[in-house]
file my_file.cif (mmCIF, C-alpha atoms)
data_upload
loop_
_atom_site.label_atom_id
_atom_site.label_comp_id
_atom_site.auth_asym_id
_atom_site.auth_seq_id
_atom_site.Cartn_x
_atom_site.Cartn_y
_atom_site.Cartn_z
CA MET A 299 60.74 134.08 105.33
CA THR A 300 56.98 133.94 105.75
CA PHE A 301 54.88 134.05 108.85
CA ASP A 302 51.37 132.74 109.16
CA THR A 303 49.66 135.45 111.20
CA SER A 304 46.25 133.85 111.30
CA THR A 305 44.99 132.57 114.65
CA GLU A 306 44.90 129.03 113.25
CA GLY A 307 48.47 129.32 111.91
CA ARG A 308 49.82 130.69 115.19
CA SER A 309 48.13 128.08 117.36
CA ARG A 310 49.41 125.32 115.09
CA HIS A 311 52.98 126.30 115.98
CA ILE A 312 52.48 126.53 119.76
CA PRO A 313 53.04 122.77 120.31
CA ALA A 314 56.30 123.03 118.36
CA LEU A 315 57.44 125.91 120.61
CA ILE A 316 56.59 123.86 123.69
CA VAL A 317 58.50 120.84 122.33
CA SER A 318 61.49 123.04 121.53
CA LEU A 319 61.59 124.61 124.99
CA VAL A 320 61.03 121.27 126.72
CA SER A 321 63.88 119.76 124.67
CA VAL A 322 66.40 122.32 125.90
CA ALA A 323 64.99 122.05 129.43
CA LEU A 324 65.59 118.28 129.30
CA VAL A 325 69.16 118.80 128.12
CA ALA A 326 69.72 121.24 130.97
CA ALA A 327 68.09 118.95 133.55
CA LEU A 328 69.87 115.79 132.42
CA GLY A 329 73.20 117.59 132.29
CA GLY A 330 72.53 118.93 135.77
CA LEU A 331 71.61 115.49 137.13
CA ALA A 332 74.76 113.98 135.69
CA SER A 333 76.83 116.63 137.42
CA ALA A 334 74.92 117.29 140.63
CA ASP A 335 78.00 118.47 142.52
CA ALA A 336 79.29 120.65 139.69
CA ALA A 337 79.49 123.87 141.69
CA SER A 338 81.57 122.34 144.47
CA ASP A 339 83.67 120.35 141.98
CA TYR A 340 84.29 123.51 139.95
CA GLY A 341 85.28 125.44 143.08
CA ASN A 342 87.80 122.74 144.08
CA LEU A 343 89.65 122.81 140.74
CA ALA A 344 92.69 124.92 139.99
CA GLN A 345 91.40 127.66 137.69
CA PRO A 346 92.74 130.54 135.66
CA ASP A 347 92.34 134.04 137.13
CA TRP A 348 89.64 134.86 134.58
CA ALA A 349 87.36 131.96 135.54
CA PRO A 350 83.83 133.11 136.41
CA PRO A 351 82.27 132.31 139.79
CA PRO A 352 80.11 129.17 139.94
CA ASN A 353 76.90 131.13 140.57
CA LEU A 354 77.18 132.81 137.15
CA PHE A 355 76.66 129.62 135.14
CA GLY A 356 73.02 128.94 136.04
CA PRO A 357 71.62 132.33 134.98
CA VAL A 358 73.72 132.44 131.81
CA TRP A 359 72.68 128.94 130.75
CA THR A 360 69.03 129.68 131.50
CA VAL A 361 69.06 132.63 129.09
CA LEU A 362 71.02 130.67 126.48
CA TYR A 363 68.68 127.67 126.63
CA VAL A 364 65.62 129.88 126.17
CA LEU A 365 67.28 131.58 123.19
CA MET A 366 68.17 128.16 121.74
CA GLY A 367 64.64 126.85 122.14
CA VAL A 368 63.03 129.88 120.53
CA ALA A 369 65.61 129.94 117.72
CA ALA A 370 64.99 126.28 116.89
CA TRP A 371 61.26 126.93 116.93
CA LEU A 372 61.64 129.84 114.50
CA VAL A 373 63.53 127.57 112.11
CA TRP A 374 61.05 124.75 112.60
CA ARG A 375 58.22 127.08 111.60
CA GLU A 376 59.96 127.67 108.27
CA THR A 377 61.02 124.05 107.61
CA PRO A 378 58.81 121.77 109.75
CA ARG A 379 60.52 118.46 109.03
CA TRP A 380 62.87 116.33 111.08
CA THR A 381 65.03 115.74 108.00
CA SER A 382 65.95 119.44 107.68
CA PRO A 383 69.78 119.71 107.88
CA ALA A 384 69.38 122.72 110.19
CA ILE A 385 67.23 120.73 112.63
CA ILE A 386 69.54 117.70 112.43
CA ILE A 387 72.70 119.69 113.24
CA TYR A 388 70.79 121.54 115.96
CA ALA A 389 69.93 118.14 117.49
CA VAL A 390 73.58 117.05 117.20
CA GLN A 391 74.76 120.13 119.07
CA LEU A 392 72.13 119.49 121.77
CA VAL A 393 73.54 115.98 122.26
CA LEU A 394 77.11 117.32 122.43
CA ASN A 395 75.93 119.95 124.91
CA LEU A 396 74.26 117.25 127.01
CA LEU A 397 77.41 115.09 127.07
CA TRP A 398 79.77 117.81 128.26
CA SER A 399 78.67 118.12 131.92
CA PRO A 400 78.76 114.40 132.68
CA LEU A 401 82.16 114.12 131.01
CA PHE A 402 83.69 117.13 132.74
CA PHE A 403 82.06 116.86 136.16
CA GLY A 404 80.40 113.45 136.41
CA VAL A 405 83.38 111.27 135.52
CA GLY A 406 86.08 113.96 135.57
CA TRP A 407 87.27 113.25 132.03
CA ARG A 408 88.27 116.83 131.32
CA GLY A 409 90.34 115.95 128.24
CA VAL A 410 87.46 114.02 126.70
CA ALA A 411 85.14 116.88 127.67
CA LEU A 412 87.51 119.21 125.80
CA VAL A 413 87.15 117.11 122.64
CA ASP A 414 83.38 117.15 123.12
CA ILE A 415 83.25 120.93 123.52
CA LEU A 416 85.49 121.44 120.48
CA LEU A 417 82.99 119.40 118.47
CA LEU A 418 80.23 121.46 120.08
CA ASP A 419 81.94 124.68 118.91
CA VAL A 420 81.85 123.40 115.33
CA ALA A 421 78.28 122.13 115.63
CA VAL A 422 77.00 125.44 117.03
CA ALA A 423 78.78 127.41 114.29
CA ALA A 424 77.30 125.06 111.68
CA THR A 425 73.86 125.44 113.27
CA ILE A 426 74.14 129.23 113.05
CA ALA A 427 75.17 129.01 109.39
CA LEU A 428 72.25 126.70 108.56
CA PHE A 429 69.78 128.74 110.59
CA TRP A 430 70.98 131.90 108.79
CA LYS A 431 69.79 130.46 105.48
CA ILE A 432 66.32 129.89 106.94
CA ASN A 433 65.72 132.58 109.56
CA ARG A 434 68.32 135.22 110.35
CA VAL A 435 66.73 136.18 113.65
CA ALA A 436 67.09 132.56 114.81
CA ALA A 437 70.73 132.53 113.74
CA VAL A 438 71.49 135.77 115.60
CA MET A 439 69.80 134.37 118.70
CA LEU A 440 72.46 131.62 118.79
CA VAL A 441 75.44 134.00 118.61
CA PRO A 442 75.59 134.51 122.42
CA TYR A 443 75.51 130.73 122.80
CA LEU A 444 78.48 130.36 120.46
CA GLY A 445 80.35 133.07 122.36
CA TRP A 446 79.69 131.37 125.68
CA VAL A 447 80.66 127.93 124.35
CA LEU A 448 83.91 129.32 122.92
CA PHE A 449 84.64 130.91 126.30
CA ALA A 450 83.79 127.59 127.99
CA THR A 451 86.17 125.83 125.60
CA ALA A 452 89.03 128.07 126.68
CA LEU A 453 88.05 127.55 130.32
CA ASN A 454 87.84 123.76 129.84
CA TYR A 455 91.31 123.74 128.29
CA SER A 456 92.76 125.90 131.06
CA ILE A 457 91.24 123.84 133.85
CA TRP A 458 92.32 120.60 132.18
CA SER A 459 95.87 121.96 131.82
CA LEU A 460 96.03 123.24 135.39
CA ASN A 461 94.67 120.04 136.90
CA SER A 462 96.48 117.38 134.86
#
call {"tool": "encode", "arguments": {"input": "my_file.cif", "output": "structure tokens"}}
result
Amino acid sequence: MTFDTSTEGRSRHIPALIVSLVSVALVAALGGLASADAASDYGNLAQPDWAPPPNLFGPVWTVLYVLMGVAAWLVWRETPRWTSPAIIIYAVQLVLNLLWSPLFFGVGWRGVALVDILLLDVAVAATIALFWKINRVAAVMLVPYLGWVLFATALNYSIWSLNS
């Protein structure tokens, strides 16, 4: 892992950081638009006793999205090409992440959302593995995301089971 510490090298990577952070912000915003009534919908569903309150999701996702954006940027700095397998699988997991909210809340297809989030679990784990080969800090930054998505998978399954 090498870092260009010159002023020119650092400034060259700033646009990539902005693009990375804007990408996750778009995923968050589009997912939010597709599920505008998510908090009230979530509150009206039968839930397991261990389900978190609706107001916890926003702050957790904000932190996770920032970590994701910075992690992707760290990898991009090492392999700045769109054809990098790490960047491709990262993009795949972003799409799966984006699809979950509209599936679960927007159209209420909780079973289909469960399939989506199971694929997301695999894609995030694969992203971590690929990031690890390029930048271990970036890979570690995604571990909380994987933990949260695995928790969300269990919650998705429980809510789907309780409301079917």
call {"tool": "resolve_selection", "arguments": {"input": "my_file.cif", "expression": "the PyMOL selection byres ((chain A and resi 450) around 12)", "output": "ChimeraX atom specification"}}
result
/A:348-350,355,358-359,395,398-399,402,411-412,414-416,418-419,443-449,451-458
call {"tool": "atom_distance", "arguments": {"input": "my_file.cif", "atom1": "atom CA of Val325 of chain A", "atom2": "atom CA of Leu396 of chain A"}}
result
5.4 Å
call {"tool": "resolve_selection", "arguments": {"input": "my_file.cif", "expression": "the PyMOL selection byres ((chain A and resi 390) around 12)", "output": "list in words"}}
result
Val325, Pro383, Ala384, Ile385, Ile386, Ile387, Tyr388, Ala389, Gln391, Leu392, Val393, Leu394, Asn395, Leu396, Leu397, Asp414, Leu417, Leu418, Asp419, Val420, Ala421, Val422, Ala423, Ala424 and Thr425 of chain A
call {"tool": "write_last_selection", "arguments": {"input": "my_file.cif", "atoms": "C-alpha atoms", "output": "PDB file, in the coordinates of the input"}}
result
ATOM      1  CA  VAL A 325      69.160 118.800 128.120  1.00  0.00           C
ATOM      2  CA  PRO A 383      69.780 119.710 107.880  1.00  0.00           C
ATOM      3  CA  ALA A 384      69.380 122.720 110.190  1.00  0.00           C
ATOM      4  CA  ILE A 385      67.230 120.730 112.630  1.00  0.00           C
ATOM      5  CA  ILE A 386      69.540 117.700 112.430  1.00  0.00           C
ATOM      6  CA  ILE A 387      72.700 119.690 113.240  1.00  0.00           C
ATOM      7  CA  TYR A 388      70.790 121.540 115.960  1.00  0.00           C
ATOM      8  CA  ALA A 389      69.930 118.140 117.490  1.00  0.00           C
ATOM      9  CA  GLN A 391      74.760 120.130 119.070  1.00  0.00           C
ATOM     10  CA  LEU A 392      72.130 119.490 121.770  1.00  0.00           C
ATOM     11  CA  VAL A 393      73.540 115.980 122.260  1.00  0.00           C
ATOM     12  CA  LEU A 394      77.110 117.320 122.430  1.00  0.00           C
ATOM     13  CA  ASN A 395      75.930 119.950 124.910  1.00  0.00           C
ATOM     14  CA  LEU A 396      74.260 117.250 127.010  1.00  0.00           C
ATOM     15  CA  LEU A 397      77.410 115.090 127.070  1.00  0.00           C
ATOM     16  CA  ASP A 414      83.380 117.150 123.120  1.00  0.00           C
ATOM     17  CA  LEU A 417      82.990 119.400 118.470  1.00  0.00           C
ATOM     18  CA  LEU A 418      80.230 121.460 120.080  1.00  0.00           C
ATOM     19  CA  ASP A 419      81.940 124.680 118.910  1.00  0.00           C
ATOM     20  CA  VAL A 420      81.850 123.400 115.330  1.00  0.00           C
ATOM     21  CA  ALA A 421      78.280 122.130 115.630  1.00  0.00           C
ATOM     22  CA  VAL A 422      77.000 125.440 117.030  1.00  0.00           C
ATOM     23  CA  ALA A 423      78.780 127.410 114.290  1.00  0.00           C
ATOM     24  CA  ALA A 424      77.300 125.060 111.680  1.00  0.00           C
ATOM     25  CA  THR A 425      73.860 125.440 113.270  1.00  0.00           C
TER      26      THR A 425
END
call {"tool": "axis_aligned_box", "arguments": {"input": "my_file.cif", "around": "segment 348-352 of chain A", "padding_each_side": "4 Å", "output": "AutoDock Vina command-line options"}}
result
--center_x 84.9 --center_y 132.0 --center_z 137.3 --size_x 17.5 --size_y 13.7 --size_z 13.4
call {"tool": "residues_around", "arguments": {"input": "my_file.cif", "residues": "Met439 of chain A", "least_positions_apart": "4", "cutoff": "9 Å", "atoms": "all atoms listed in the file", "output": "JSON, numbers by chain"}}
result
{"A": [362, 365, 366, 368, 369, 426, 434, 435, 443]}
call {"tool": "atom_distance", "arguments": {"input": "my_file.cif", "atom1": "atom CA of Gly406 of chain A", "atom2": "atom CA of Leu331 of chain A"}}
result
14.6 Å
call {"tool": "atom_distance", "arguments": {"input": "my_file.cif", "atom1": "atom CA of Asn433 of chain A", "atom2": "atom CA of Thr377 of chain A"}}
result
9.9 Å
call {"tool": "closest_residue", "arguments": {"input": "my_file.cif", "among": "A:Ala326, A:Pro346, A:Arg379, A:Val373", "to": "Val361 of chain A", "atoms": "all atoms listed in the file"}}
result
A:Ala326
call {"tool": "closest_residue", "arguments": {"input": "my_file.cif", "among": "A:Leu319, A:Leu440, A:Lys431, A:Ile312", "to": "Gly367 of chain A", "atoms": "all atoms listed in the file"}}
result
A:Leu319
call {"tool": "closest_residue", "arguments": {"input": "my_file.cif", "among": "A:Ala327, A:Asn461, A:Ala370, A:Pro400", "to": "Ala314 of chain A", "atoms": "all atoms listed in the file"}}
result
A:Ala370
